[in-house]
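Engineer: Input structure: run-v9.txt, which contains compact mmCIF, C-alpha atoms.
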# COMPACT_ATOMS: atom_id res chain seq x y z
CA MET P 28 -9.41 2.09 3.42
CA ARG P 29 -9.55 -1.63 4.05
CA ASP P 30 -12.68 -1.99 1.90
CA MET P 31 -10.92 -1.11 -1.38
CA MET P 32 -8.15 -3.01 -3.13
CA GLY P 33 -5.98 -1.88 -6.02
CA ILE P 34 -5.03 -3.32 -9.41
CA VAL P 35 -2.29 -1.61 -11.42
CA MET P 36 -2.32 -2.26 -15.17
CA ALA P 37 1.29 -2.61 -16.31
CA ASP P 38 1.22 -2.71 -20.10
CA ASN P 39 2.92 -1.37 -23.21
CA SER P 40 -0.22 -0.92 -25.30
CA ASP P 41 0.87 2.60 -26.23
CA LEU P 42 3.91 2.31 -28.50
CA ARG P 43 4.65 6.03 -28.73
CA LEU P 44 7.37 5.67 -26.08
CA ASN P 45 9.56 3.90 -28.65
CA GLU P 46 13.05 3.00 -27.43
CA LEU P 47 12.27 3.86 -23.81
CA THR P 48 9.98 0.85 -23.45
CA GLU P 49 11.86 -1.61 -25.65
CA PHE P 50 13.17 -3.48 -22.60
CA ARG P 51 10.77 -2.34 -19.85
CA SER P 52 7.06 -1.87 -19.23
CA VAL P 53 5.70 1.67 -19.06
CA PRO P 54 5.26 1.72 -15.24
CA ALA P 55 8.95 0.82 -14.86
CA LEU P 56 10.05 3.92 -16.78
CA PRO P 57 12.47 6.06 -14.71
CA PHE P 58 11.11 9.48 -13.79
CA GLY P 59 12.27 12.58 -11.97
CA GLY P 60 15.84 11.56 -11.13
CA ARG P 61 15.12 8.73 -8.68
CA TYR P 62 11.59 7.37 -9.20
CA ARG P 63 9.74 5.01 -11.52
CA LEU P 64 6.27 5.81 -12.83
CA ILE P 65 4.70 3.01 -10.78
CA ASP P 66 5.90 4.67 -7.55
CA PHE P 67 3.17 7.29 -7.84
CA ILE P 68 0.13 5.01 -8.07
CA LEU P 69 1.52 2.56 -5.48
CA SER P 70 2.19 5.43 -3.06
CA ASN P 71 -1.25 6.91 -3.71
CA MET P 72 -2.89 3.56 -2.97
CA VAL P 73 -0.91 3.03 0.22
CA ASN P 74 -1.52 6.61 1.37
CA SER P 75 -5.24 5.85 0.94
CA GLY P 76 -4.94 2.89 3.32
CA MET P 77 -5.02 0.08 0.75
CA ILE P 78 -3.27 -3.10 1.88
CA ASN P 79 -4.12 -5.42 -1.03
CA VAL P 80 -2.58 -4.45 -4.39
CA GLY P 81 -2.00 -6.52 -7.52
CA ILE P 82 0.12 -5.57 -10.53
CA ALA P 83 -1.25 -7.08 -13.76
CA THR P 84 1.76 -7.52 -16.06
CA ASN P 85 2.00 -7.98 -19.81
CA ILE P 86 5.45 -7.86 -21.44
CA ASN P 87 8.95 -6.74 -20.46
CA TYR P 88 8.15 -6.75 -16.76
CA SER P 89 11.45 -8.04 -15.30
CA SER P 90 12.71 -4.53 -14.43
CA LEU P 91 9.34 -3.78 -12.85
CA MET P 92 9.61 -6.90 -10.68
CA ASP P 93 13.14 -5.93 -9.67
CA HIS P 94 12.00 -2.44 -8.69
CA VAL P 95 8.91 -3.29 -6.61
CA GLY P 96 10.38 -6.45 -5.08
CA SER P 97 8.36 -7.56 -2.05
CA GLY P 98 6.68 -4.14 -1.78
CA ALA P 99 8.67 -3.16 1.34
CA PRO P 100 9.18 0.54 0.39
CA TRP P 101 5.38 0.89 0.31
CA ASP P 102 4.81 -1.23 3.45
CA LEU P 103 3.17 -3.92 1.32
CA ASN P 104 5.38 -6.84 2.39
CA ARG P 105 2.63 -8.31 4.57
CA LYS P 106 1.58 -11.75 5.80
CA ILE P 107 -2.06 -11.00 5.01
CA TYR P 108 -2.64 -9.33 1.65
CA GLY P 109 0.23 -7.08 0.46
CA LEU P 110 1.71 -6.66 -3.04
CA PHE P 111 1.23 -9.31 -5.74
CA MET P 112 2.88 -9.52 -9.16
CA LEU P 113 0.34 -11.15 -11.48
CA PRO P 114 1.83 -12.75 -14.63
CA PRO P 115 0.27 -12.19 -18.07
CA TYR P 116 -2.58 -14.29 -19.34
CA VAL P 117 -2.35 -15.97 -22.77
CA ARG P 118 -5.72 -16.18 -24.53
CA GLY P 119 -6.69 -19.60 -25.88
CA GLY P 120 -3.26 -21.17 -25.46
CA SER P 121 -1.77 -18.82 -28.07
CA SER P 122 1.91 -17.98 -28.02
CA ASN P 123 1.04 -14.29 -27.92
CA VAL P 124 0.76 -12.27 -24.72
CA SER P 125 -2.39 -10.47 -23.65
CA GLU P 126 -3.95 -8.45 -26.46
CA GLY P 127 -5.54 -5.83 -24.23
CA SER P 128 -6.63 -4.79 -20.78
CA ILE P 129 -9.54 -7.26 -20.69
CA ASP P 130 -7.12 -10.13 -21.31
CA GLN P 131 -4.94 -8.84 -18.48
CA LEU P 132 -7.92 -8.55 -16.16
CA TYR P 133 -9.19 -12.01 -17.10
CA GLY P 134 -5.81 -13.33 -16.01
CA VAL P 135 -6.25 -11.85 -12.52
CA LEU P 136 -9.77 -13.17 -11.88
CA THR P 137 -8.45 -15.66 -9.32
CA PHE P 138 -6.80 -12.80 -7.43
CA LEU P 139 -10.06 -10.83 -7.54
CA ARG P 140 -12.13 -13.79 -6.34
CA ARG P 141 -9.78 -14.53 -3.44
CA SER P 142 -9.82 -10.92 -2.26
CA ARG P 143 -12.48 -9.74 0.18
CA GLN P 144 -12.59 -5.97 -0.36
CA GLU P 145 -15.90 -4.67 -1.68
CA TYR P 146 -14.41 -2.15 -4.13
CA VAL P 147 -11.53 -2.09 -6.61
CA LEU P 148 -9.40 0.82 -7.78
CA LEU P 149 -8.34 -0.11 -11.31
CA ALA P 150 -5.47 2.15 -12.34
CA SER P 151 -2.95 2.71 -15.09
CA GLY P 152 0.70 2.72 -14.06
CA ARG P 153 1.60 5.78 -16.15
CA THR P 154 -0.14 8.65 -14.31
CA VAL P 155 1.94 11.07 -12.22
CA CYS P 156 0.01 12.68 -9.36
CA ASN P 157 -0.19 12.75 -5.57
CA MET P 158 -3.73 12.00 -4.45
CA THR P 159 -5.77 9.83 -2.12
CA PHE P 160 -8.99 8.05 -3.02
CA ASP P 161 -11.08 8.36 0.14
CA GLU P 162 -13.23 11.18 -1.22
CA ALA P 163 -13.62 9.52 -4.62
CA LEU P 164 -14.89 6.32 -2.94
CA GLU P 165 -17.31 8.36 -0.82
CA LYS P 166 -18.69 10.00 -3.98
CA HIS P 167 -18.94 6.61 -5.66
CA ILE P 168 -21.06 5.27 -2.79
CA GLU P 169 -23.09 8.49 -2.47
CA ASN P 170 -23.97 8.43 -6.19
CA GLY P 171 -24.88 4.76 -6.09
CA ALA P 172 -22.50 4.41 -9.04
CA ASP P 173 -21.57 1.16 -10.74
CA ILE P 174 -18.36 2.72 -12.06
CA THR P 175 -16.64 5.99 -11.16
CA VAL P 176 -14.06 7.38 -13.57
CA ILE P 177 -11.39 9.72 -12.17
CA TYR P 178 -10.53 12.62 -14.48
CA HIS P 179 -9.03 16.08 -14.52
CA ASP P 180 -9.95 19.17 -16.49
CA LYS P 181 -7.14 20.31 -18.80
CA LYS P 182 -9.01 23.62 -19.29
CA GLU P 183 -7.85 23.90 -22.89
CA LYS P 184 -7.79 21.54 -25.84
CA ASP P 185 -4.39 20.30 -26.92
CA GLU P 186 -2.76 17.40 -28.76
CA GLN P 187 -2.64 15.17 -25.69
CA LEU P 188 -6.44 15.11 -25.45
CA SER P 189 -6.43 13.27 -28.78
CA ARG P 190 -4.30 10.45 -27.32
CA GLY P 191 -6.64 9.11 -24.65
CA ALA P 192 -10.18 9.06 -23.25
CA VAL P 193 -12.23 12.26 -23.03
CA TYR P 194 -15.50 12.35 -21.08
CA GLU P 195 -18.79 14.20 -21.46
CA MET P 196 -20.92 14.62 -18.32
CA ASP P 197 -24.26 16.08 -17.31
CA GLU P 198 -24.84 18.60 -14.51
CA ASN P 199 -24.94 15.79 -11.93
CA GLY P 200 -21.55 14.40 -12.91
CA ARG P 201 -22.94 11.37 -14.70
CA VAL P 202 -20.96 10.29 -17.77
CA THR P 203 -23.02 10.68 -20.93
CA GLY P 204 -20.36 10.18 -23.60
CA ILE P 205 -16.80 8.94 -24.10
CA GLU P 206 -14.42 9.74 -26.94
CA ILE P 207 -11.31 7.63 -27.54
CA ASN P 208 -8.44 9.34 -29.36
CA PRO P 209 -10.76 12.08 -30.70
CA ARG P 210 -9.52 14.23 -33.55
CA CYS P 211 -11.60 17.17 -32.29
CA PRO P 212 -12.46 16.51 -28.61
CA LYS P 213 -15.80 17.90 -27.44
CA THR P 214 -14.62 18.55 -23.87
CA THR P 215 -11.38 19.01 -21.92
CA LEU P 216 -12.22 16.37 -19.29
CA GLU P 217 -9.34 13.93 -19.67
CA GLY P 218 -9.44 10.48 -18.09
CA MET P 219 -6.58 9.66 -15.70
CA GLY P 220 -6.79 5.91 -16.32
CA MET P 221 -8.34 5.30 -12.88
CA PHE P 222 -11.70 3.66 -12.14
CA ILE P 223 -13.56 2.68 -8.97
CA ILE P 224 -15.87 -0.29 -9.33
CA GLY P 225 -17.39 -2.97 -7.12
CA ARG P 226 -15.24 -6.11 -7.04
CA LEU P 227 -18.09 -8.48 -7.89
CA LYS P 228 -19.33 -6.15 -10.64
CA LEU P 229 -15.83 -6.04 -12.15
CA ILE P 230 -15.63 -9.84 -12.19
CA GLU P 231 -19.03 -9.98 -13.90
CA LEU P 232 -18.07 -7.41 -16.54
CA ILE P 233 -14.71 -9.08 -17.28
CA GLU P 234 -16.22 -12.53 -17.73
CA ASP P 235 -18.92 -11.16 -20.03
CA ALA P 236 -16.51 -9.10 -22.14
CA TYR P 237 -14.01 -11.95 -22.43
CA SER P 238 -16.72 -14.37 -23.58
CA ARG P 239 -17.53 -11.94 -26.43
CA GLY P 240 -13.91 -11.74 -27.57
CA SER P 241 -13.46 -8.14 -26.38
CA HIS P 242 -10.03 -6.76 -25.52
CA ASP P 243 -10.14 -3.17 -24.23
CA PHE P 244 -11.71 -2.09 -20.92
CA VAL P 245 -12.63 1.43 -22.00
CA ARG P 246 -13.74 0.68 -25.57
CA ASP P 247 -15.52 -2.61 -24.94
CA ILE P 248 -16.81 -2.26 -21.38
CA LEU P 249 -16.98 1.38 -20.33
CA ILE P 250 -18.53 2.81 -23.50
CA SER P 251 -21.27 0.17 -23.40
CA ALA P 252 -21.73 0.64 -19.66
CA ILE P 253 -22.76 4.29 -19.87
CA ARG P 254 -26.02 3.17 -21.50
CA GLU P 255 -26.72 0.33 -19.09
CA LEU P 256 -25.01 1.23 -15.80
CA LYS P 257 -24.55 4.27 -13.59
CA VAL P 258 -21.16 5.71 -14.59
CA TYR P 259 -20.12 8.88 -12.76
CA GLY P 260 -17.04 11.08 -12.83
CA TYR P 261 -14.83 12.33 -10.00
CA GLU P 262 -12.63 15.34 -10.73
CA TYR P 263 -9.11 15.54 -9.35
CA LYS P 264 -7.91 19.15 -9.30
CA GLY P 265 -4.23 18.74 -8.50
CA PHE P 266 -1.23 18.30 -10.80
CA VAL P 267 -1.59 15.45 -13.30
CA GLY P 268 1.00 14.15 -15.73
CA ILE P 269 -0.04 11.37 -18.10
CA ILE P 270 2.88 9.63 -19.78
CA ASP P 271 1.75 8.30 -23.14
CA SER P 272 4.39 9.59 -25.57
CA ILE P 273 7.99 10.74 -25.78
CA ALA P 274 6.78 14.36 -25.77
CA SER P 275 4.67 13.90 -22.63
CA TYR P 276 7.48 12.02 -20.87
CA TYR P 277 9.96 14.80 -21.62
CA GLU P 278 7.51 17.59 -20.81
CA ASN P 279 6.38 16.17 -17.47
CA ASN P 280 9.95 15.50 -16.35
CA MET P 281 10.84 19.09 -17.15
CA LYS P 282 7.84 20.35 -15.17
CA LEU P 283 9.58 19.03 -12.06
CA LEU P 284 12.05 21.90 -12.41
CA THR P 285 9.16 24.19 -11.41
CA LYS P 286 8.99 24.61 -7.63
CA GLU P 287 5.18 24.61 -7.50
CA VAL P 288 5.01 21.22 -9.24
CA ARG P 289 7.72 19.71 -7.02
CA ASP P 290 6.01 20.98 -3.89
CA GLU P 291 2.68 19.49 -4.93
CA LEU P 292 4.11 16.09 -5.83
CA PHE P 293 6.77 15.67 -3.16
CA GLY P 294 6.19 18.34 -0.51
CA ALA P 295 2.70 17.26 0.48
CA GLU P 296 1.79 15.38 3.65
CA ASN P 297 1.41 12.17 1.63
CA ARG P 298 4.82 10.97 0.51
CA ILE P 299 5.85 9.32 -2.76
CA TYR P 300 7.88 6.21 -1.91
CA THR P 301 10.42 4.38 -4.05
CA LYS P 302 13.06 1.66 -3.86
CA VAL P 303 15.89 2.84 -1.63
CA LYS P 304 19.41 2.83 -3.04
CA ASP P 305 22.14 3.94 -0.66
CA GLN P 306 24.76 5.93 -2.52
CA VAL P 307 27.29 8.60 -1.63
CA PRO P 308 26.40 12.27 -2.10
CA THR P 309 27.04 13.81 -5.51
CA GLN P 310 30.49 15.37 -5.98
CA TYR P 311 30.85 18.71 -7.75
CA GLY P 312 34.26 19.54 -9.21
CA ASP P 313 35.89 22.97 -9.15
CA SER P 314 35.12 23.40 -12.85
CA SER P 315 31.45 22.44 -12.55
CA SER P 316 28.52 24.77 -13.18
CA VAL P 317 24.97 23.68 -12.31
CA SER P 318 21.74 25.67 -12.59
CA ASP P 319 17.98 24.93 -12.51
CA SER P 320 18.52 21.16 -12.37
CA LEU P 321 17.59 18.11 -10.33
CA ILE P 322 20.61 15.92 -9.62
CA ALA P 323 20.35 12.60 -7.77
CA ASP P 324 22.98 11.15 -5.43
CA GLY P 325 26.02 9.19 -6.51
CA CYS P 326 26.93 11.50 -9.42
CA VAL P 327 30.21 13.19 -10.30
CA ILE P 328 29.67 16.56 -11.98
CA GLU P 329 32.73 18.32 -13.43
CA GLY P 330 31.10 19.97 -16.46
CA ASN P 331 28.15 22.29 -17.08
CA VAL P 332 24.55 21.26 -16.35
CA GLU P 333 21.60 23.51 -17.07
CA ASN P 334 17.84 22.91 -16.80
CA SER P 335 18.28 19.12 -16.70
CA ILE P 336 17.35 16.03 -14.69
CA ILE P 337 20.28 13.80 -13.81
CA PHE P 338 19.72 10.33 -12.34
CA ARG P 339 21.95 8.39 -9.93
CA GLY P 340 25.55 7.55 -10.72
CA VAL P 341 25.98 9.83 -13.76
CA TYR P 342 29.44 11.17 -14.63
CA ILE P 343 29.70 14.44 -16.56
CA ALA P 344 33.30 15.27 -17.42
CA LYS P 345 35.06 18.62 -17.41
CA GLY P 346 34.22 20.73 -20.45
CA ALA P 347 30.99 18.81 -21.20
CA THR P 348 27.72 20.75 -21.50
CA VAL P 349 24.32 19.21 -20.70
CA LYS P 350 21.28 21.43 -21.29
CA ASN P 351 17.55 20.64 -21.21
CA CYS P 352 18.29 16.91 -20.93
CA ILE P 353 17.17 13.81 -19.06
CA VAL P 354 20.20 11.65 -18.27
CA MET P 355 19.44 8.28 -16.69
CA GLN P 356 21.41 6.12 -14.28
CA ASN P 357 25.11 5.28 -14.68
CA THR P 358 25.59 7.24 -17.90
CA VAL P 359 28.99 8.72 -18.78
CA VAL P 360 29.31 12.02 -20.68
CA GLU P 361 32.96 12.53 -21.57
CA GLU P 362 34.96 15.70 -21.99
CA GLY P 363 33.92 18.21 -24.63
CA CYS P 364 30.48 16.73 -25.30
CA GLU P 365 27.60 19.09 -26.03
CA ILE P 366 24.07 17.71 -25.63
CA GLU P 367 20.80 19.62 -25.63
CA ASN P 368 17.17 18.40 -25.62
CA VAL P 369 18.25 14.76 -25.35
CA ILE P 370 16.86 11.79 -23.38
CA ILE P 371 19.68 9.39 -22.52
CA ASP P 372 18.67 5.98 -21.19
CA LYS P 373 20.61 4.01 -18.57
CA GLU P 374 24.27 3.02 -18.86
CA CYS P 375 25.11 4.97 -22.02
CA THR P 376 28.53 6.38 -22.86
CA LEU P 377 29.12 9.50 -24.95
CA ARG P 378 32.76 9.66 -25.93
CA GLU P 379 34.79 12.84 -26.25
CA ALA P 380 33.44 15.83 -28.18
CA LYS P 381 30.13 14.28 -29.25
CA ARG P 382 27.41 16.81 -30.15
CA LEU P 383 23.70 15.95 -29.99
CA ILE P 384 21.05 18.65 -30.39
CA GLY P 385 17.31 17.89 -30.37
CA GLN P 386 14.17 19.98 -30.17
CA PRO P 387 11.99 20.41 -27.04
CA SER P 388 9.03 19.07 -29.00
CA TYR P 389 11.05 16.18 -30.43
CA PRO P 390 14.04 15.30 -28.21
CA VAL P 391 16.79 12.96 -29.37
CA ILE P 392 16.71 9.55 -27.64
CA LEU P 393 19.73 7.36 -26.90
CA PRO P 394 18.58 3.78 -26.13
CA LYS P 395 19.87 1.86 -23.13
CA ARG P 396 23.61 0.98 -23.14
CA THR P 397 24.38 3.03 -26.26
CA LEU P 398 28.09 3.64 -26.92
CA LEU P 399 28.44 6.72 -29.09
Using structure tokens, write down the structure that the file contains.

Structural biologist:
Amino acid sequence: MRDMMGIVMADNSDLRLNELTEFRSVPALPFGGRYRLIDFILSNMVNSGMINVGIATNINYSSLMDHVGSGAPWDLNRKIYGLFMLPPYVRGGSSNVSEGSIDQLYGVLTFLRRSRQEYVLLASGRTVCNMTFDEALEKHIENGADITVIYHDKKEKDEQLSRGAVYEMDENGRVTGIEINPRCPKTTLEGMGMFIIGRLKLIELIEDAYSRGSHDFVRDILISAIRELKVYGYEYKGFVGIIDSIASYYENNMKLLTKEVRDELFGAENRIYTKVKDQVPTQYGDSSSVSDSLIADGCVIEGNVENSIIFRGVYIAKGATVKNCIVMQNTVVEEGCEIENVIIDKECTLREAKRLIGQPSYPVILPKRTLL
């Protein structure tokens, strides 16, 4: 797909991730034991044949830069095109960073103008799925669309529908209405934060919106566009996880413990790539007990682990119990600790006999490098 380029929006506009995004952007958030959220959209773009991808940054993007590097894991370390980290744009010389997605996009106009692909896939860096965009682009061209929004049908109304964009469509798939953070959503068609649009049309829309002091792509461009432009929807029917809150982060991690979800995300023909870290296999002590869990390499497990996701380099001591938890890289859980429904960020230490019990709907969070 050499005629479509990609732009990943790396921002922290949604603050419901609290401590987890205090020092990192949302796409850099660790996920599933060894991945970062951005791995999914980058892999999807590459698996679709895209060779020109830009990441529009905002704040706290140093860990994101460290993770993606030159783009080698995704075969994007190229002489012509490849992966580009695009620094944030500051409106009007202010000391503040970009106020919204339009500010971010205005800052990448030079990148857009220098590119030669006819179409752009504009995508959030917080959506977990394994898809390609060939069919969506074909539908975009077939419909003669100005903008195509990619969505999935949640089938039933829930709290998450009230945290994003919900679409109304006619029988031909044309978007007729958009609700943002609706209290009572009219449909269950949830936007995935992905849009296909002509490159020149995107440049035109960004320049116009910026000149009017607008900030948000969906609120200030897309909602107006459904009255003036041809905006169509494309439904993706596979597994979708949208990370926009602590609850959704915890829930979608835990869904990976279901074989059907793992097979769809990681067992498909199209692979999900990530930064390679060579570590020794995990060691399991004679006293260890592990069930229904995902455990990365480089760990030492001597205690009890149940229904949990354990990242690289974690040490769980003898007599410690970890249940329904997400434990990130290089964390130490000492002897006698009991933790349940807890999200532990990187490089934390829980000293002997600590007890932390959260709720599945409201897990306890330990910020990065906590010593407890």

Engineer: How many Å separate atom CA of P:Ala83 from atom CA of P:Leu148?

Structural biologist: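 These atoms are spaced 12.8 Å apart.
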
Engineer: When distances are computed from only C-alpha atoms, which of P:Tyr146, P:Tyr194, P:Phe160, P:Tyr259 shows the smallest separation from P:Ile224?

Structural biologist: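 Nearest candidate to P:Ile224 out of P:Tyr146, P:Tyr194, P:Phe160, P:Tyr259: P:Tyr146.
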
Engineer: Using all atoms listed in the file for the distances, tell me which of P:Met219, P:Gly312, P:Met196, P:Ser335 is nearest to P:Thr285.

Structural biologist: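 The answer is P:Ser335, which sits nearest to P:Thr285.
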
Engineer: Skipping near chain neighbours, those fewer than 5 positions away, what residues fall within 12 Å of P:Asn368 using only C-alpha atoms, listed as a list in words?

Structural biologist: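 Here the answer would be Ile273, Ala274, Tyr277, Glu278, Met281, Glu333, Asn334, Ser335, Ile336, Thr348, Val349, Lys350, Asn351, Cys352, Ile353, Val354, Arg382, Leu383, Ile384, Gly385, Gln386, Pro387, Ser388, Tyr389, Pro390, Val391, Ile392 and Leu393 of chain P.
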
Engineer: In Å, rounded to a single decimal, give me how far atom CA of P:Glu165 is from atom CA of P:Thr137.

Structural biologist: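 Spanning atom CA of P:Thr137 to atom CA of P:Glu165 is a straight-line distance of 27.0 Å.
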
Engineer: Need to verify the contact set: P:Arg61, 10 Å, all atoms listed in the file, exclusion of same-chain residues closer than 2 positions in sequence. Can you return it as a PyMOL selection string?

Structural biologist: chain P and resi 57-59+63+301-304+321-324+336-339+355-356

Engineer: Near P:Leu136, counting only C-alpha atoms, which residues have an atom at most 9 Å away, once you skip same-chain residues fewer than 6 positions from it, shown as a JSON list (two decimals) with C-alpha atoms, in the frame of the given file?

Structural biologist:
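The result, written out as out-v5.json:
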[["chain", "number", "residue", "atom", "x", "y", "z"],
["P", 230, "ILE", "CA", -15.63, -9.84, -12.19],
["P", 233, "ILE", "CA", -14.71, -9.08, -17.28],
["P", 234, "GLU", "CA", -16.22, -12.53, -17.73]]

Engineer: List the neighbours of P:Tyr133 out to 12 Å using only C-alpha atoms; skip same-chain residues closer than 4 positions along the sequence, and give me the result as a PyMOL selection string.

Structural biologist: chain P and resi 83-84+113-119+125-129+137-140+229-238+240-244

Engineer: Excluding P:Asp180 and any residue of its chain fewer than 6 positions from it, enumerate the residues within 8 Å of it, using only C-alpha atoms, and give them as a compact mmCIF listing (two decimals) with C-alpha atoms, in the coordinates of the input.

Structural biologist:
# COMPACT_ATOMS: atom_id res chain seq x y z
CA THR P 215 -11.38 19.01 -21.92
CA LEU P 216 -12.22 16.37 -19.29
CA GLU P 217 -9.34 13.93 -19.67
CA GLU P 262 -12.63 15.34 -10.73
CA LYS P 264 -7.91 19.15 -9.30

Engineer: Take atom CA of P:Asp102 and atom CA of P:Ser89 and report the distance between them in Å, one decimal.

Structural biologist: 21.0 Å

Engineer: Which residue is closest to P:Thr175? Choose from P:Gly225, P:Gly98, P:Gly204, P:Gly81 and count all atoms listed in the file.

Structural biologist: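 That would be P:Gly225, the residue with the smallest distance to P:Thr175.
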
Engineer: Which one of P:Asn79, P:Val135, P:Arg51, P:Ile207 sits closest to P:Asp93 if you count all atoms listed in the file?

Structural biologist: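 Nearest to P:Asp93: P:Arg51.
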
Engineer: Pick from P:Thr159, P:Asn331, P:Asn170, P:Asn85: nearest to P:Gly260, with only C-alpha atoms counted?

Structural biologist: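 Closest residue, counting only C-alpha atoms: P:Asn170.
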
Engineer: Taking into account only C-alpha atoms, which residue in the set P:Lys106, P:Val202, P:Met36, P:Lys228 is nearest to P:Ile82?

Structural biologist: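 Looking only at the distances to P:Ile82, the closest residue turns out to be P:Met36.
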
Engineer: Could you check which residues have any atom within 6 Å of (4.0, -4.0, -15.2), counting only C-alpha atoms with coordinates taken straight from the file, and then list them as a PDB file with C-alpha atoms, in the coordinates of the input?

Structural biologist:
ATOM      1  CA  ALA P  37       1.290  -2.610 -16.310  1.00  0.00           C
ATOM      2  CA  ASP P  38       1.220  -2.710 -20.100  1.00  0.00           C
ATOM      3  CA  SER P  52       7.060  -1.870 -19.230  1.00  0.00           C
ATOM      4  CA  PRO P  54       5.260   1.720 -15.240  1.00  0.00           C
ATOM      5  CA  THR P  84       1.760  -7.520 -16.060  1.00  0.00           C
ATOM      6  CA  TYR P  88       8.150  -6.750 -16.760  1.00  0.00           C
ATOM      7  CA  LEU P  91       9.340  -3.780 -12.850  1.00  0.00           C
TER       8      LEU P  91
END

Engineer: Select all residues near (28.7, 10.4, -19.0) (cut-off 8 Å, inclusive, file coordinates), counting only C-alpha atoms, and output them as a PyMOL selection string.

Structural biologist: chain P and resi 341-344+357-361+375-377
